[in-house]
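Colleague: As input, take run.txt (compact mmCIF, C-alpha atoms):
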# COMPACT_ATOMS: atom_id res chain seq x y z
CA MET A 389 -5.44 14.39 15.43
CA THR A 390 -9.19 15.10 15.50
CA LEU A 391 -11.18 16.77 12.74
CA GLN A 392 -11.37 19.93 14.82
CA ASP A 393 -7.59 19.87 15.35
CA ILE A 394 -7.06 19.66 11.60
CA ALA A 395 -9.62 22.43 11.02
CA ALA A 396 -7.87 24.62 13.61
CA ARG A 397 -4.49 24.00 11.91
CA LEU A 398 -6.05 24.96 8.58
CA GLY A 399 -7.54 28.09 10.11
CA SER A 400 -4.18 29.13 11.52
CA LEU A 401 -2.52 28.69 8.12
CA LEU A 402 -5.26 30.64 6.35
CA ARG A 403 -5.18 33.45 8.90
CA ALA A 404 -1.36 33.65 8.83
CA GLY A 405 -1.41 33.91 5.04
CA GLY A 406 -4.27 36.39 4.92
CA LEU A 407 -6.20 33.89 2.81
CA SER A 408 -9.81 32.82 2.52
CA VAL A 409 -11.46 29.53 1.57
CA SER A 410 -14.80 28.36 0.24
CA THR A 411 -16.20 24.84 -0.07
CA ALA A 412 -18.04 22.93 -2.80
CA GLU A 413 -19.56 19.74 -1.49
CA SER A 414 -21.37 16.80 -2.96
CA LEU A 415 -21.07 13.57 -0.96
CA THR A 416 -20.13 15.41 2.25
CA GLY A 417 -23.35 17.44 2.12
CA GLY A 418 -22.13 20.40 4.18
CA MET A 419 -19.98 18.50 6.68
CA LEU A 420 -16.77 20.10 5.37
CA GLY A 421 -18.07 23.64 5.75
CA ALA A 422 -19.56 22.80 9.14
CA THR A 423 -16.23 21.43 10.34
CA ILE A 424 -14.35 24.50 9.17
CA THR A 425 -16.85 26.85 10.80
CA GLY A 426 -16.70 24.84 14.03
CA THR A 427 -13.39 26.58 14.73
CA PRO A 428 -13.76 29.86 16.62
CA GLY A 429 -12.85 32.80 14.40
CA ALA A 430 -13.60 30.97 11.14
CA SER A 431 -15.41 34.07 9.89
CA ASP A 432 -11.94 35.57 9.41
CA TYR A 433 -11.25 33.19 6.51
CA TYR A 434 -14.33 31.16 5.53
CA ARG A 435 -16.27 32.85 2.69
CA GLY A 436 -19.06 30.32 2.16
CA GLY A 437 -20.00 27.06 0.58
CA ALA A 438 -22.21 25.39 -1.98
CA ILE A 439 -23.77 21.97 -1.50
CA THR A 440 -24.25 20.68 -5.02
CA TYR A 441 -25.49 17.20 -4.37
CA ALA A 442 -27.44 16.84 -7.61
CA THR A 443 -25.41 16.53 -10.80
CA ASP A 444 -27.20 19.39 -12.55
CA SER A 445 -26.50 21.76 -9.66
CA LYS A 446 -22.77 21.25 -10.19
CA ALA A 447 -23.24 22.80 -13.63
CA THR A 448 -25.71 25.55 -12.73
CA VAL A 449 -24.15 26.69 -9.44
CA LEU A 450 -20.44 25.92 -9.89
CA SER A 451 -20.06 26.14 -13.67
CA VAL A 452 -18.89 22.54 -14.06
CA ALA A 453 -18.93 21.96 -17.82
CA GLU A 454 -21.86 19.89 -19.09
CA VAL A 455 -19.43 18.00 -21.32
CA THR A 456 -17.34 17.04 -18.27
CA LEU A 457 -20.40 15.76 -16.44
CA ALA A 458 -21.55 13.83 -19.52
CA SER A 459 -18.17 12.30 -20.36
CA ASP A 460 -16.46 11.90 -16.98
CA GLY A 461 -19.47 11.91 -14.66
CA PRO A 462 -20.05 13.70 -11.37
CA VAL A 463 -17.44 11.56 -9.59
CA SER A 464 -14.21 12.34 -11.41
CA PRO A 465 -10.99 14.32 -11.11
CA ALA A 466 -12.15 16.87 -13.71
CA THR A 467 -15.45 17.44 -11.89
CA ALA A 468 -13.66 17.90 -8.55
CA GLU A 469 -11.29 20.43 -10.10
CA GLN A 470 -14.06 22.39 -11.78
CA MET A 471 -16.10 22.38 -8.57
CA ALA A 472 -13.13 23.76 -6.59
CA ARG A 473 -12.43 26.45 -9.18
CA GLY A 474 -16.12 27.30 -9.48
CA VAL A 475 -16.65 27.79 -5.76
CA ARG A 476 -13.48 29.87 -5.45
CA GLU A 477 -14.75 32.15 -8.20
CA LEU A 478 -18.34 32.16 -6.87
CA PHE A 479 -17.29 33.40 -3.43
CA GLY A 480 -14.21 35.37 -4.44
CA SER A 481 -12.01 33.39 -2.07
CA SER A 482 -8.29 32.72 -2.27
CA LEU A 483 -8.86 28.97 -2.26
CA GLY A 484 -11.63 26.58 -3.15
CA VAL A 485 -11.92 22.98 -2.00
CA SER A 486 -14.37 20.40 -3.29
CA THR A 487 -15.56 16.90 -2.46
CA THR A 488 -17.30 14.51 -4.83
CA GLY A 489 -17.57 10.76 -4.51
CA VAL A 490 -19.62 7.71 -3.65
CA ALA A 491 -20.68 7.32 -0.01
CA GLY A 492 -22.79 4.21 -0.57
CA PRO A 493 -24.46 1.94 0.25
CA THR A 494 -24.02 0.97 -3.41
CA GLY A 495 -21.71 2.09 -6.21
CA GLN A 496 -22.70 4.78 -8.70
CA ASP A 497 -22.20 4.70 -12.47
CA GLY A 498 -19.58 1.96 -12.14
CA LYS A 499 -17.69 3.82 -9.39
CA PRO A 500 -17.18 1.90 -6.13
CA VAL A 501 -18.32 2.93 -2.67
CA GLY A 502 -15.55 4.90 -0.97
CA LEU A 503 -14.12 6.51 -4.11
CA VAL A 504 -13.68 10.24 -3.45
CA TYR A 505 -12.13 13.06 -5.44
CA ILE A 506 -11.04 16.24 -3.70
CA GLY A 507 -10.28 19.37 -5.66
CA VAL A 508 -8.13 22.26 -4.48
CA SER A 509 -7.97 25.51 -6.41
CA ASP A 510 -5.97 28.67 -5.84
CA THR A 511 -5.29 31.57 -8.16
CA GLU A 512 -2.36 29.79 -9.84
CA ARG A 513 -3.49 26.19 -10.23
CA THR A 514 -6.21 23.65 -9.63
CA VAL A 515 -5.50 20.03 -8.72
CA SER A 516 -7.44 16.95 -7.74
CA HIS A 517 -6.63 14.08 -5.44
CA GLU A 518 -8.13 10.59 -5.50
CA PHE A 519 -8.96 9.09 -2.13
CA ARG A 520 -10.23 5.59 -1.37
CA SER A 521 -12.05 5.56 1.94
CA SER A 522 -11.79 2.52 4.15
CA GLY A 523 -15.16 3.35 5.69
CA THR A 524 -17.84 0.69 5.77
CA THR A 525 -20.80 3.03 6.30
CA ARG A 526 -21.95 6.23 4.60
CA ASP A 527 -21.05 8.21 7.72
CA GLU A 528 -17.54 6.77 7.84
CA VAL A 529 -16.91 7.48 4.15
CA ARG A 530 -18.17 11.05 4.54
CA GLN A 531 -16.16 11.69 7.74
CA GLN A 532 -12.98 10.35 6.15
CA ALA A 533 -13.57 12.50 3.06
CA VAL A 534 -13.86 15.62 5.25
CA GLU A 535 -10.70 14.70 7.15
CA ARG A 536 -8.78 14.12 3.93
CA ALA A 537 -10.04 17.38 2.37
CA LEU A 538 -8.99 19.42 5.41
CA SER A 539 -5.58 17.72 5.51
CA LEU A 540 -4.97 18.20 1.79
CA LEU A 541 -5.88 21.85 1.98
CA ALA A 542 -3.64 22.43 5.01
CA ASP A 543 -0.79 20.56 3.29
CA HIS A 544 -1.38 22.65 0.15
CA LEU A 545 -0.83 25.78 2.25
CA ASP A 546 2.17 24.32 4.06
CA ARG A 547 3.84 23.05 0.88
CA PRO A 548 2.13 24.73 -2.08
CA GLU A 549 4.73 23.68 -4.64
CA LYS A 550 4.15 19.98 -3.90
CA SER A 551 0.35 19.82 -4.14
Could you take the file, read its structure, and then write that structure out as structure tokens?

Modeller:
Amino acid sequence: MTLQDIAARLGSLLRAGGLSVSTAESLTGGMLGATITGTPGASDYYRGGAITYATDSKATVLSVAEVTLASDGPVSPATAEQMARGVRELFGSSLGVSTTGVAGPTGQDGKPVGLVYIGVSDTERTVSHEFRSSGTTRDEVRQQAVERALSLLADHLDRPEKS
């Protein structure tokens, strides 16, 4: 299944549920939002996105707690969850999805290349998922992170009680 196939599946689920989504991106730098909006009719369900690449922008734009960033760092489950919740609230969408991680070429703050956290937030709960990319280049890590984020969000909509 291609990225666009996954994005189209996600779009169908969002449209069928009358739901909207927004994206908060760090390591993917806009690729997630671009992939979602590559599907015709995405304006029916995509509210917007925030690229918060710098650590301080996660706090100022998405309301990630300074204490979380100081204690857990920008690449952590708590940061991913707060990013997802923050973007959902920022854009007033039904769901928020976030990506934060290490694309490489070197590790960051003791975190290895390929470590990614994806947050998913709806009005009832916010969760994070750890993903270890098998990519060997920055582009591969970022592409795999986008694919995993789209799949997790679609699965969340298909089976919300199991996310």

Colleague: For A:Tyr433, which residue among A:Thr411, A:Thr524, A:Ser481, A:Thr448 is the nearest when counting only C-alpha atoms?

Modeller: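 Using only C-alpha atoms, A:Tyr433 sits closest to A:Ser481.
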
Colleague: Near A:Gly489, counting all atoms listed in the file, which residues have an atom at most 6 Å away, once you skip same-chain residues fewer than 5 positions from it, shown as a PDB file with C-alpha atoms, in the frame of the given file?

Modeller:
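The new file part-v9.pdb reads:
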ATOM      1  CA  LEU A 415     -21.070  13.570  -0.960  1.00  0.00           C
ATOM      2  CA  VAL A 463     -17.440  11.560  -9.590  1.00  0.00           C
ATOM      3  CA  LEU A 503     -14.120   6.510  -4.110  1.00  0.00           C
ATOM      4  CA  VAL A 504     -13.680  10.240  -3.450  1.00  0.00           C
ATOM      5  CA  TYR A 505     -12.130  13.060  -5.440  1.00  0.00           C
TER       6      TYR A 505
END

Colleague: Could you give me, as number ranges by chain, the residues within 10 Å of A:Gly474, counting all atoms listed in the file and dropping anything in the same chain fewer than 2 positions from it?

Modeller: A: 410-412, 438, 446-447, 449-452, 468-472, 476-480, 484-486, 509

Colleague: Using all atoms listed in the file, which residue out of A:Thr467, A:Thr511, A:Ser482, A:Ser459 lies closest to A:Gly436?

Modeller: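 Of A:Thr467, A:Thr511, A:Ser482, A:Ser459, the one nearest A:Gly436 is A:Ser482, counting all atoms listed in the file.
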
Colleague: Between atom CA of A:Ala430 and atom CA of A:Leu541, what is the distance in Å, rounded to a tenth?

Modeller: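 Distance reported for this atom pair: 15.1 Å.
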
Colleague: Could you please determine the separation between atom CA of A:Arg403 and atom CA of A:Tyr441 in Å, to one decimal place?

Modeller: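 Spanning atom CA of A:Arg403 to atom CA of A:Tyr441 is a straight-line distance of 29.2 Å.
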
Colleague: Export N, CA and C atoms of stretch 453-486 of chain A from the structure just given, as a PDB file, in the first residue's frame?

Modeller:
ATOM      1  N   ALA A 453       4.461  21.502  27.623  1.00  0.00           N
ATOM      2  CA  ALA A 453       4.948  22.025  28.898  1.00  0.00           C
ATOM      3  C   ALA A 453       6.474  22.130  28.906  1.00  0.00           C
ATOM      4  N   GLU A 454       6.967  23.272  29.381  1.00  0.00           N
ATOM      5  CA  GLU A 454       8.415  23.480  29.491  1.00  0.00           C
ATOM      6  C   GLU A 454       9.049  22.386  30.352  1.00  0.00           C
ATOM      7  N   VAL A 455       8.359  21.972  31.406  1.00  0.00           N
ATOM      8  CA  VAL A 455       8.894  20.937  32.283  1.00  0.00           C
ATOM      9  C   VAL A 455       9.030  19.607  31.541  1.00  0.00           C
ATOM     10  N   THR A 456       8.114  19.313  30.638  1.00  0.00           N
ATOM     11  CA  THR A 456       8.197  18.091  29.836  1.00  0.00           C
ATOM     12  C   THR A 456       9.417  18.155  28.925  1.00  0.00           C
ATOM     13  N   LEU A 457       9.594  19.286  28.267  1.00  0.00           N
ATOM     14  CA  LEU A 457      10.727  19.434  27.367  1.00  0.00           C
ATOM     15  C   LEU A 457      12.053  19.368  28.123  1.00  0.00           C
ATOM     16  N   ALA A 458      12.081  19.931  29.320  1.00  0.00           N
ATOM     17  CA  ALA A 458      13.304  19.921  30.124  1.00  0.00           C
ATOM     18  C   ALA A 458      13.605  18.531  30.689  1.00  0.00           C
ATOM     19  N   SER A 459      12.574  17.827  31.141  1.00  0.00           N
ATOM     20  CA  SER A 459      12.810  16.529  31.788  1.00  0.00           C
ATOM     21  C   SER A 459      12.838  15.360  30.804  1.00  0.00           C
ATOM     22  N   ASP A 460      11.923  15.357  29.846  1.00  0.00           N
ATOM     23  CA  ASP A 460      11.813  14.231  28.911  1.00  0.00           C
ATOM     24  C   ASP A 460      12.487  14.498  27.570  1.00  0.00           C
ATOM     25  N   GLY A 461      12.609  15.774  27.221  1.00  0.00           N
ATOM     26  CA  GLY A 461      13.199  16.155  25.947  1.00  0.00           C
ATOM     27  C   GLY A 461      12.165  16.241  24.839  1.00  0.00           C
ATOM     28  N   PRO A 462      12.587  16.776  23.696  1.00  0.00           N
ATOM     29  CA  PRO A 462      11.660  16.939  22.577  1.00  0.00           C
ATOM     30  C   PRO A 462      11.282  15.628  21.892  1.00  0.00           C
ATOM     31  N   VAL A 463      12.072  14.589  22.102  1.00  0.00           N
ATOM     32  CA  VAL A 463      11.791  13.273  21.513  1.00  0.00           C
ATOM     33  C   VAL A 463      11.389  12.346  22.655  1.00  0.00           C
ATOM     34  N   SER A 464      10.092  12.313  22.932  1.00  0.00           N
ATOM     35  CA  SER A 464       9.582  11.502  24.035  1.00  0.00           C
ATOM     36  C   SER A 464       8.095  11.251  23.855  1.00  0.00           C
ATOM     37  N   PRO A 465       7.577  10.238  24.532  1.00  0.00           N
ATOM     38  CA  PRO A 465       6.137   9.976  24.461  1.00  0.00           C
ATOM     39  C   PRO A 465       5.310  11.168  24.963  1.00  0.00           C
ATOM     40  N   ALA A 466       5.720  11.761  26.071  1.00  0.00           N
ATOM     41  CA  ALA A 466       4.961  12.882  26.642  1.00  0.00           C
ATOM     42  C   ALA A 466       4.936  14.070  25.692  1.00  0.00           C
ATOM     43  N   THR A 467       6.050  14.351  25.036  1.00  0.00           N
ATOM     44  CA  THR A 467       6.097  15.460  24.081  1.00  0.00           C
ATOM     45  C   THR A 467       5.182  15.165  22.895  1.00  0.00           C
ATOM     46  N   ALA A 468       5.224  13.950  22.376  1.00  0.00           N
ATOM     47  CA  ALA A 468       4.353  13.586  21.246  1.00  0.00           C
ATOM     48  C   ALA A 468       2.883  13.744  21.616  1.00  0.00           C
ATOM     49  N   GLU A 469       2.526  13.318  22.814  1.00  0.00           N
ATOM     50  CA  GLU A 469       1.133  13.433  23.258  1.00  0.00           C
ATOM     51  C   GLU A 469       0.716  14.888  23.398  1.00  0.00           C
ATOM     52  N   GLN A 470       1.572  15.696  24.005  1.00  0.00           N
ATOM     53  CA  GLN A 470       1.225  17.102  24.183  1.00  0.00           C
ATOM     54  C   GLN A 470       1.187  17.848  22.853  1.00  0.00           C
ATOM     55  N   MET A 471       2.036  17.462  21.917  1.00  0.00           N
ATOM     56  CA  MET A 471       1.987  18.057  20.578  1.00  0.00           C
ATOM     57  C   MET A 471       0.652  17.735  19.900  1.00  0.00           C
ATOM     58  N   ALA A 472       0.239  16.467  19.976  1.00  0.00           N
ATOM     59  CA  ALA A 472      -1.014  16.042  19.327  1.00  0.00           C
ATOM     60  C   ALA A 472      -2.218  16.754  19.944  1.00  0.00           C
ATOM     61  N   ARG A 473      -2.232  16.834  21.269  1.00  0.00           N
ATOM     62  CA  ARG A 473      -3.328  17.529  21.952  1.00  0.00           C
ATOM     63  C   ARG A 473      -3.299  19.028  21.614  1.00  0.00           C
ATOM     64  N   GLY A 474      -2.117  19.600  21.624  1.00  0.00           N
ATOM     65  CA  GLY A 474      -1.970  21.026  21.345  1.00  0.00           C
ATOM     66  C   GLY A 474      -2.429  21.408  19.955  1.00  0.00           C
ATOM     67  N   VAL A 475      -2.090  20.601  18.961  1.00  0.00           N
ATOM     68  CA  VAL A 475      -2.504  20.943  17.590  1.00  0.00           C
ATOM     69  C   VAL A 475      -3.999  20.731  17.403  1.00  0.00           C
ATOM     70  N   ARG A 476      -4.552  19.720  18.072  1.00  0.00           N
ATOM     71  CA  ARG A 476      -6.001  19.506  17.992  1.00  0.00           C
ATOM     72  C   ARG A 476      -6.732  20.719  18.548  1.00  0.00           C
ATOM     73  N   GLU A 477      -6.259  21.208  19.688  1.00  0.00           N
ATOM     74  CA  GLU A 477      -6.884  22.380  20.303  1.00  0.00           C
ATOM     75  C   GLU A 477      -6.625  23.647  19.491  1.00  0.00           C
ATOM     76  N   LEU A 478      -5.421  23.800  18.955  1.00  0.00           N
ATOM     77  CA  LEU A 478      -5.067  24.975  18.161  1.00  0.00           C
ATOM     78  C   LEU A 478      -5.981  25.145  16.955  1.00  0.00           C
ATOM     79  N   PHE A 479      -6.253  24.056  16.260  1.00  0.00           N
ATOM     80  CA  PHE A 479      -7.057  24.113  15.038  1.00  0.00           C
ATOM     81  C   PHE A 479      -8.515  23.734  15.247  1.00  0.00           C
ATOM     82  N   GLY A 480      -8.888  23.335  16.450  1.00  0.00           N
ATOM     83  CA  GLY A 480     -10.271  22.963  16.710  1.00  0.00           C
ATOM     84  C   GLY A 480     -10.703  21.741  15.923  1.00  0.00           C
ATOM     85  N   SER A 481      -9.789  20.806  15.739  1.00  0.00           N
ATOM     86  CA  SER A 481     -10.107  19.597  14.974  1.00  0.00           C
ATOM     87  C   SER A 481     -10.545  18.469  15.897  1.00  0.00           C
ATOM     88  N   SER A 482     -11.160  17.460  15.317  1.00  0.00           N
ATOM     89  CA  SER A 482     -11.586  16.280  16.067  1.00  0.00           C
ATOM     90  C   SER A 482     -10.397  15.468  16.548  1.00  0.00           C
ATOM     91  N   LEU A 483      -9.359  15.421  15.717  1.00  0.00           N
ATOM     92  CA  LEU A 483      -8.166  14.632  16.013  1.00  0.00           C
ATOM     93  C   LEU A 483      -6.911  15.436  15.739  1.00  0.00           C
ATOM     94  N   GLY A 484      -5.883  15.138  16.525  1.00  0.00           N
ATOM     95  CA  GLY A 484      -4.560  15.696  16.274  1.00  0.00           C
ATOM     96  C   GLY A 484      -3.578  14.550  16.197  1.00  0.00           C
ATOM     97  N   VAL A 485      -2.602  14.677  15.304  1.00  0.00           N
ATOM     98  CA  VAL A 485      -1.558  13.664  15.184  1.00  0.00           C
ATOM     99  C   VAL A 485      -0.218  14.395  15.160  1.00  0.00           C
ATOM    100  N   SER A 486       0.770  13.808  15.844  1.00  0.00           N
ATOM    101  CA  SER A 486       2.075  14.453  15.917  1.00  0.00           C
ATOM    102  C   SER A 486       3.199  13.473  15.595  1.00  0.00           C
TER     103      SER A 486
END
